[in-house]
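Student: So that we are looking at the same thing, I have put the structure below in structure tokens.
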Amino acid sequence: MTTDHTLPTSHLDVLVQGRGPALLLAHGAGGGIEQNFGLVLDDLAQDHTLIGPHYPRAGGSAVAVEPLDLDGLADRLAAAAVAAGQDSFAVLGESLGSAVAVRIATRHPDRVRALVLTAGFAAADPVLALAAQLIKSLAAAGQWEDVARLALLSCMSPADLAGVEPAALDEPAAQTLTAMQPGMLDHFDLVSRVDVRADLAKVSAPPWWWCRPATGWCCPRARTAWRPASRAPC
């Protein structure tokens, strides 16, 4: 099988770490490689070559001159892996990165050996679409502290919020603000437009069981988030 689409020049800031079979990382909106995968990078790099491209205006990547396009972003991530000397690879996507990973798999099926999709979505549901719109509106008005609070609340469950005093959110909101990437507005604009539902039936790459006895973490197929391996023995 040949690649469906010609790869462009990537021009993205790329982290390369480790050795072994290649694992391409696709991060979430407003995040980056360290922000989304920092807790597991060293562990994953023990036996995989990690290729972590940053989306435009994340990490050291330059600003996008046009609104982000899912096809174009998928092609540039695949191109980053090839430029790093990896003609085929598994793809690990987080949140928006899951949709990017699916699009990479359907546009470059001969290159993608497996998919790991975490906290992903095929298209924004009404809650996510509203959050993306609010983030864009608040950011356009320069209300970045409120953007950070909204982003923080989006990551917390109602049960989590029920046990937290409002003042206790100040510190994690400040940490969220510090970690936000300049391209967050562009990334969430893409979140509001993503739709890979038609891609799902076309994915030929198998989902990946990923377990590490040393750390006790597992990312099993048909799941969308990391969870303790003790609950799902591998």
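Residue numbering restarts at 1 in every chain; chains get A, B, ... in the order shown in the structure tokens, and ligands count up from 1 in that same order.
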List as a PyMOL selection string the protein and nucleic acid residues near segment 58-74 of chain A, meaning an atom at most 8 Å away when only C-alpha atoms are counted, but skip any in the same chain fewer than 6 places from it.
Tutor: chain A and resi 11-13+30-33+100-101+103-104+181-183+186-187+189-190+194
Student: Create the file for the chosen residues now, containing N, CA and C atoms and written as a CSV table (one decimal), in the first residue's frame.
Tutor:
chain,number,residue,atom,x,y,z
A,11,HIS,N,8.1,21.9,9.3
A,11,HIS,CA,8.3,23.2,9.9
A,11,HIS,C,7.7,23.3,11.3
A,12,LEU,N,7.7,22.2,12.0
A,12,LEU,CA,7.2,22.2,13.4
A,12,LEU,C,8.4,22.0,14.4
A,13,ASP,N,8.2,22.5,15.5
A,13,ASP,CA,9.2,22.2,16.6
A,13,ASP,C,8.9,20.8,17.1
A,30,GLY,N,-4.2,23.7,23.1
A,30,GLY,CA,-3.7,24.6,24.1
A,30,GLY,C,-2.6,24.0,24.9
A,31,GLY,N,-2.3,22.8,24.6
A,31,GLY,CA,-1.2,22.1,25.3
A,31,GLY,C,0.0,21.9,24.5
A,32,GLY,N,0.8,21.0,24.9
A,32,GLY,CA,2.1,20.7,24.2
A,32,GLY,C,2.6,19.3,24.6
A,33,ILE,N,3.7,19.0,24.1
A,33,ILE,CA,4.3,17.6,24.4
A,33,ILE,C,4.5,17.5,25.9
A,100,VAL,N,-6.6,14.1,15.5
A,100,VAL,CA,-5.5,14.3,14.6
A,100,VAL,C,-4.9,12.9,14.3
A,101,ALA,N,-4.8,12.0,15.3
A,101,ALA,CA,-4.3,10.7,15.1
A,101,ALA,C,-5.1,9.9,14.1
A,103,ARG,N,-7.0,11.0,11.8
A,103,ARG,CA,-6.9,11.6,10.4
A,103,ARG,C,-5.5,11.2,9.8
A,104,ILE,N,-4.5,11.1,10.7
A,104,ILE,CA,-3.2,10.6,10.2
A,104,ILE,C,-3.3,9.2,9.7
A,181,GLN,N,-0.5,27.5,26.0
A,181,GLN,CA,0.3,27.8,24.9
A,181,GLN,C,-0.3,29.0,24.1
A,182,PRO,N,0.6,29.9,23.5
A,182,PRO,CA,0.1,31.0,22.7
A,182,PRO,C,-0.9,30.6,21.6
A,183,GLY,N,-0.8,29.4,21.1
A,183,GLY,CA,-1.7,29.0,20.0
A,183,GLY,C,-3.1,28.4,20.5
A,186,ASP,N,-6.1,29.3,18.4
A,186,ASP,CA,-6.1,28.6,17.1
A,186,ASP,C,-6.5,27.1,17.3
A,187,HIS,N,-6.0,26.5,18.3
A,187,HIS,CA,-6.2,25.1,18.6
A,187,HIS,C,-7.7,24.9,18.9
A,189,ASP,N,-10.2,26.8,18.0
A,189,ASP,CA,-10.9,27.0,16.8
A,189,ASP,C,-11.0,25.7,16.0
A,190,LEU,N,-9.9,25.0,15.9
A,190,LEU,CA,-10.0,23.7,15.3
A,190,LEU,C,-10.8,22.7,16.0
A,194,VAL,N,-13.6,20.1,14.2
A,194,VAL,CA,-13.2,18.8,13.9
A,194,VAL,C,-14.4,17.8,13.8
Student: Hey, what's within 9 Å of Arg19 of chain A if we count only C-alpha atoms and toss same-chain stuff fewer than 5 positions away? As an mmCIF file with N, CA and C atoms, in the first residue's frame, please?
Tutor:
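Result written to result27.cif:
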data_model
loop_
_atom_site.group_PDB
_atom_site.id
_atom_site.type_symbol
_atom_site.label_atom_id
_atom_site.label_comp_id
_atom_site.auth_asym_id
_atom_site.auth_seq_id
_atom_site.Cartn_x
_atom_site.Cartn_y
_atom_site.Cartn_z
ATOM 1 N N ALA A 45 9.897 6.457 26.550
ATOM 2 C CA ALA A 45 11.146 6.513 25.789
ATOM 3 C C ALA A 45 12.104 5.372 26.128
ATOM 4 N N GLN A 46 11.780 4.590 27.151
ATOM 5 C CA GLN A 46 12.651 3.469 27.502
ATOM 6 C C GLN A 46 12.758 2.468 26.364
ATOM 7 N N ASP A 47 11.674 2.279 25.624
ATOM 8 C CA ASP A 47 11.719 1.290 24.551
ATOM 9 C C ASP A 47 11.011 1.757 23.285
ATOM 10 N N HIS A 48 10.856 3.076 23.137
ATOM 11 C CA HIS A 48 10.285 3.635 21.906
ATOM 12 C C HIS A 48 10.988 4.933 21.550
ATOM 13 N N THR A 49 11.095 5.195 20.284
ATOM 14 C CA THR A 49 11.555 6.499 19.818
ATOM 15 C C THR A 49 10.350 7.419 19.749
ATOM 16 N N LEU A 50 10.322 8.426 20.581
ATOM 17 C CA LEU A 50 9.204 9.357 20.634
ATOM 18 C C LEU A 50 9.452 10.512 19.672
#
Student: So which bits of segment 116-158 of chain A end up alpha helix (DSSP H) when you DSSP the backbone, as a list in words?
Tutor: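 Of segment 116-158 of chain A, the ones in alpha helix (DSSP H) are Pro126, Val127, Leu128, Ala129, Leu130, Ala131, Ala132, Gln133, Leu134, Ile135, Lys136, Ser137, Leu138, Ala139, Ala140, Trp144, Glu145, Asp146, Val147, Ala148, Arg149, Leu150, Ala151, Leu152, Leu153, Ser154 and Pro158 of chain A.
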Student: Would you save the residues from that selection as a short mmCIF file (atom, residue, chain, number, x, y, z; two decimals), in the first residue's frame, using N, CA, C and O atoms?
Tutor:
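Result went into part-v7.cif, see below:
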data_model
loop_
_atom_site.label_atom_id
_atom_site.label_comp_id
_atom_site.auth_asym_id
_atom_site.auth_seq_id
_atom_site.Cartn_x
_atom_site.Cartn_y
_atom_site.Cartn_z
N PRO A 126 -22.17 19.13 22.23
CA PRO A 126 -22.60 20.50 22.55
C PRO A 126 -21.82 21.14 23.69
O PRO A 126 -21.54 22.35 23.64
N VAL A 127 -21.46 20.36 24.71
CA VAL A 127 -20.71 20.94 25.84
C VAL A 127 -19.32 21.38 25.39
O VAL A 127 -18.88 22.49 25.71
N LEU A 128 -18.61 20.52 24.66
CA LEU A 128 -17.28 20.87 24.19
C LEU A 128 -17.34 22.01 23.19
O LEU A 128 -16.48 22.91 23.21
N ALA A 129 -18.33 22.00 22.32
CA ALA A 129 -18.46 23.09 21.34
C ALA A 129 -18.70 24.42 22.04
O ALA A 129 -18.13 25.46 21.65
N LEU A 130 -19.53 24.41 23.10
CA LEU A 130 -19.78 25.64 23.86
C LEU A 130 -18.51 26.09 24.57
O LEU A 130 -18.18 27.29 24.56
N ALA A 131 -17.78 25.15 25.18
CA ALA A 131 -16.54 25.50 25.87
C ALA A 131 -15.54 26.10 24.89
O ALA A 131 -14.86 27.09 25.21
N ALA A 132 -15.43 25.51 23.70
CA ALA A 132 -14.50 26.04 22.70
C ALA A 132 -14.90 27.46 22.29
O ALA A 132 -14.04 28.34 22.14
N GLN A 133 -16.19 27.70 22.12
CA GLN A 133 -16.66 29.03 21.75
C GLN A 133 -16.37 30.04 22.85
O GLN A 133 -15.94 31.18 22.59
N LEU A 134 -16.61 29.64 24.12
CA LEU A 134 -16.35 30.54 25.24
C LEU A 134 -14.86 30.86 25.35
O LEU A 134 -14.47 32.00 25.61
N ILE A 135 -14.02 29.84 25.16
CA ILE A 135 -12.57 30.06 25.21
C ILE A 135 -12.15 31.04 24.13
O ILE A 135 -11.36 31.96 24.38
N LYS A 136 -12.67 30.87 22.93
CA LYS A 136 -12.31 31.79 21.85
C LYS A 136 -12.78 33.21 22.16
O LYS A 136 -12.06 34.18 21.92
N SER A 137 -13.99 33.34 22.68
CA SER A 137 -14.53 34.67 22.98
C SER A 137 -13.75 35.35 24.10
O SER A 137 -13.42 36.54 24.01
N LEU A 138 -13.46 34.61 25.17
CA LEU A 138 -12.72 35.18 26.29
C LEU A 138 -11.30 35.55 25.88
O LEU A 138 -10.78 36.60 26.27
N ALA A 139 -10.66 34.68 25.09
CA ALA A 139 -9.29 34.97 24.64
C ALA A 139 -9.26 36.20 23.75
O ALA A 139 -8.36 37.04 23.84
N ALA A 140 -10.24 36.31 22.85
CA ALA A 140 -10.29 37.47 21.96
C ALA A 140 -10.46 38.77 22.74
O ALA A 140 -10.00 39.84 22.31
N TRP A 144 -7.59 36.19 29.78
CA TRP A 144 -6.88 34.92 29.83
C TRP A 144 -7.03 34.21 31.16
O TRP A 144 -7.00 32.97 31.22
N GLU A 145 -7.19 34.94 32.26
CA GLU A 145 -7.40 34.28 33.56
C GLU A 145 -8.72 33.50 33.54
O GLU A 145 -8.80 32.39 34.09
N ASP A 146 -9.74 34.07 32.92
CA ASP A 146 -11.02 33.37 32.81
C ASP A 146 -10.90 32.17 31.85
O ASP A 146 -11.55 31.14 32.07
N VAL A 147 -10.08 32.30 30.82
CA VAL A 147 -9.82 31.17 29.93
C VAL A 147 -9.22 30.02 30.73
O VAL A 147 -9.61 28.86 30.58
N ALA A 148 -8.25 30.35 31.60
CA ALA A 148 -7.59 29.32 32.41
C ALA A 148 -8.58 28.65 33.35
O ALA A 148 -8.55 27.43 33.53
N ARG A 149 -9.46 29.44 33.95
CA ARG A 149 -10.45 28.85 34.85
C ARG A 149 -11.41 27.93 34.09
O ARG A 149 -11.76 26.85 34.57
N LEU A 150 -11.83 28.36 32.91
CA LEU A 150 -12.73 27.53 32.12
C LEU A 150 -12.04 26.25 31.68
O LEU A 150 -12.63 25.16 31.73
N ALA A 151 -10.77 26.37 31.28
CA ALA A 151 -10.02 25.18 30.88
C ALA A 151 -9.86 24.22 32.06
O ALA A 151 -9.99 23.00 31.91
N LEU A 152 -9.60 24.77 33.24
CA LEU A 152 -9.46 23.94 34.43
C LEU A 152 -10.76 23.23 34.77
O LEU A 152 -10.79 22.02 35.03
N LEU A 153 -11.87 23.97 34.74
CA LEU A 153 -13.16 23.37 35.06
C LEU A 153 -13.55 22.30 34.04
O LEU A 153 -14.20 21.32 34.38
N SER A 154 -13.12 22.48 32.80
CA SER A 154 -13.44 21.49 31.77
C SER A 154 -12.76 20.15 32.03
O SER A 154 -13.20 19.12 31.53
N PRO A 158 -17.95 16.73 37.93
CA PRO A 158 -18.81 17.32 38.96
C PRO A 158 -18.46 16.84 40.37
O PRO A 158 -18.54 17.61 41.33
#
Student: For Ser204 of chain A, work out the shell of residues within 12 Å, counting only C-alpha atoms and skipping chain neighbours fewer than 4 positions away, then give it as a list in words.
Tutor: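 Contacts, in chain order: Met1, Val102, Arg103, Ile104, Ala105, Thr106, Arg107, His108, Pro109, Asp110, Arg111, Val112, Arg113, Ala114, Leu115, Asp199 and Leu200 of chain A.
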Student: Create the file for the chosen residues now, containing all heavy atoms and written as a short mmCIF file (atom, residue, chain, number, x, y, z; two decimals), in the first residue's frame.
Tutor:
data_model
loop_
_atom_site.label_atom_id
_atom_site.label_comp_id
_atom_site.auth_asym_id
_atom_site.auth_seq_id
_atom_site.Cartn_x
_atom_site.Cartn_y
_atom_site.Cartn_z
N MET A 1 0.85 -1.20 0.00
CA MET A 1 0.00 0.00 0.00
C MET A 1 0.88 1.24 0.00
O MET A 1 1.89 1.30 0.70
CB MET A 1 -0.90 0.01 1.24
CG MET A 1 -1.88 1.17 1.29
SD MET A 1 -2.80 1.21 2.85
CE MET A 1 -3.64 -0.36 2.76
N VAL A 102 -6.43 9.95 14.27
CA VAL A 102 -7.34 9.23 13.38
C VAL A 102 -7.16 9.72 11.94
O VAL A 102 -7.10 8.92 11.00
CB VAL A 102 -8.80 9.39 13.84
CG1 VAL A 102 -9.77 8.89 12.78
CG2 VAL A 102 -9.03 8.63 15.15
N ARG A 103 -7.04 11.02 11.77
CA ARG A 103 -6.88 11.56 10.42
C ARG A 103 -5.51 11.15 9.83
O ARG A 103 -5.42 10.88 8.63
CB ARG A 103 -7.02 13.08 10.44
CG ARG A 103 -7.01 13.76 9.07
CD ARG A 103 -8.09 13.24 8.11
NE ARG A 103 -9.44 13.31 8.58
CZ ARG A 103 -10.25 14.37 8.47
NH1 ARG A 103 -9.81 15.47 7.89
NH2 ARG A 103 -11.49 14.32 8.91
N ILE A 104 -4.48 11.08 10.65
CA ILE A 104 -3.19 10.59 10.17
C ILE A 104 -3.34 9.15 9.67
O ILE A 104 -2.83 8.78 8.62
CB ILE A 104 -2.12 10.65 11.28
CG1 ILE A 104 -1.80 12.10 11.65
CG2 ILE A 104 -0.82 9.95 10.83
CD1 ILE A 104 -0.92 12.23 12.89
N ALA A 105 -4.08 8.34 10.44
CA ALA A 105 -4.24 6.92 10.09
C ALA A 105 -5.00 6.72 8.80
O ALA A 105 -4.74 5.77 8.05
CB ALA A 105 -4.94 6.18 11.23
N THR A 106 -5.96 7.61 8.50
CA THR A 106 -6.74 7.44 7.27
C THR A 106 -6.05 8.09 6.06
O THR A 106 -6.26 7.64 4.93
CB THR A 106 -8.16 8.02 7.43
OG1 THR A 106 -8.10 9.40 7.81
CG2 THR A 106 -8.93 7.24 8.48
N ARG A 107 -5.22 9.09 6.29
CA ARG A 107 -4.51 9.72 5.17
C ARG A 107 -3.19 9.03 4.85
O ARG A 107 -2.71 9.11 3.72
CB ARG A 107 -4.25 11.21 5.49
CG ARG A 107 -5.51 12.06 5.41
CD ARG A 107 -5.23 13.51 5.76
NE ARG A 107 -4.40 14.21 4.79
CZ ARG A 107 -4.85 14.73 3.64
NH1 ARG A 107 -6.14 14.59 3.30
NH2 ARG A 107 -4.04 15.37 2.83
N HIS A 108 -2.64 8.33 5.84
CA HIS A 108 -1.34 7.67 5.65
C HIS A 108 -1.39 6.26 6.22
O HIS A 108 -0.64 5.92 7.14
CB HIS A 108 -0.24 8.50 6.31
CG HIS A 108 -0.22 9.92 5.86
ND1 HIS A 108 0.30 10.30 4.63
CD2 HIS A 108 -0.70 11.05 6.43
CE1 HIS A 108 0.15 11.61 4.49
NE2 HIS A 108 -0.46 12.09 5.56
N PRO A 109 -2.28 5.42 5.70
CA PRO A 109 -2.51 4.10 6.30
C PRO A 109 -1.30 3.18 6.25
O PRO A 109 -1.17 2.28 7.09
CB PRO A 109 -3.68 3.53 5.49
CG PRO A 109 -3.61 4.26 4.17
CD PRO A 109 -3.15 5.64 4.52
N ASP A 110 -0.42 3.37 5.27
CA ASP A 110 0.75 2.51 5.17
C ASP A 110 1.81 2.85 6.21
O ASP A 110 2.71 2.05 6.47
CB ASP A 110 1.36 2.60 3.77
CG ASP A 110 1.78 4.01 3.40
OD1 ASP A 110 1.09 4.95 3.84
OD2 ASP A 110 2.80 4.18 2.70
N ARG A 111 1.70 4.03 6.80
CA ARG A 111 2.70 4.45 7.78
C ARG A 111 2.27 4.15 9.22
O ARG A 111 3.12 4.00 10.09
CB ARG A 111 2.97 5.95 7.65
CG ARG A 111 3.56 6.35 6.29
CD ARG A 111 4.07 7.77 6.32
NE ARG A 111 4.56 8.19 5.01
CZ ARG A 111 5.75 7.92 4.53
NH1 ARG A 111 6.60 7.18 5.24
NH2 ARG A 111 6.11 8.35 3.33
N VAL A 112 0.97 4.11 9.49
CA VAL A 112 0.49 4.01 10.87
C VAL A 112 0.29 2.54 11.26
O VAL A 112 -0.57 1.86 10.70
CB VAL A 112 -0.82 4.80 11.05
CG1 VAL A 112 -1.35 4.63 12.48
CG2 VAL A 112 -0.58 6.28 10.75
N ARG A 113 1.08 2.07 12.23
CA ARG A 113 1.03 0.68 12.66
C ARG A 113 -0.03 0.44 13.72
O ARG A 113 -0.56 -0.66 13.84
CB ARG A 113 2.39 0.25 13.21
CG ARG A 113 3.53 0.30 12.20
CD ARG A 113 4.75 -0.44 12.75
NE ARG A 113 5.11 0.03 14.08
CZ ARG A 113 5.98 0.99 14.32
NH1 ARG A 113 6.59 1.61 13.31
NH2 ARG A 113 6.27 1.36 15.56
N ALA A 114 -0.33 1.46 14.52
CA ALA A 114 -1.29 1.28 15.62
C ALA A 114 -1.72 2.65 16.12
O ALA A 114 -1.03 3.66 15.89
CB ALA A 114 -0.67 0.46 16.75
N LEU A 115 -2.86 2.69 16.81
CA LEU A 115 -3.37 3.92 17.41
C LEU A 115 -3.61 3.73 18.89
O LEU A 115 -4.12 2.68 19.32
CB LEU A 115 -4.70 4.33 16.75
CG LEU A 115 -4.68 4.81 15.31
CD1 LEU A 115 -6.11 5.09 14.86
CD2 LEU A 115 -3.82 6.05 15.16
N ASP A 199 -14.24 9.02 9.35
CA ASP A 199 -12.93 8.37 9.25
C ASP A 199 -12.89 7.04 9.99
O ASP A 199 -12.10 6.16 9.64
CB ASP A 199 -11.84 9.26 9.84
CG ASP A 199 -11.64 10.55 9.10
OD1 ASP A 199 -12.61 11.34 8.97
OD2 ASP A 199 -10.52 10.81 8.64
N LEU A 200 -13.69 6.92 11.05
CA LEU A 200 -13.52 5.80 11.98
C LEU A 200 -13.64 4.45 11.30
O LEU A 200 -12.87 3.53 11.59
CB LEU A 200 -14.53 5.93 13.13
CG LEU A 200 -14.37 7.19 13.98
CD1 LEU A 200 -15.44 7.24 15.06
CD2 LEU A 200 -12.98 7.27 14.60
#
Student: Could you work out how far atom CA of Val14 of chain A lies from atom CA of Leu39 of chain A, giving the answer in Å with one decimal?
Tutor: 17.7 Å
Student: Tell me which protein, DNA and RNA residues are within 7 Å of Leu15 of chain A, counting only C-alpha atoms, leaving out same-chain ones fewer than 5 positions away, and put them as an NGL selection string.
Tutor: :A and (51-53)
Student: Could you state the separation of atom CA of Asp195 of chain A and atom CA of Ala99 of chain A in Å, given to one decimal place?
Tutor: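 These two atoms are separated by 7.8 Å.
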Student: When you look at Thr9 of chain A with a cut-off of 8 Å (counting only C-alpha atoms), what residues show up, excluding the ones that are within fewer than 2 positions of it in the same chain? I need them as a list in words.
Tutor: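 Neighbouring residues, sequence-local ones excluded: Leu7, His11, Arg76, Ala79 and Ala80 of chain A.
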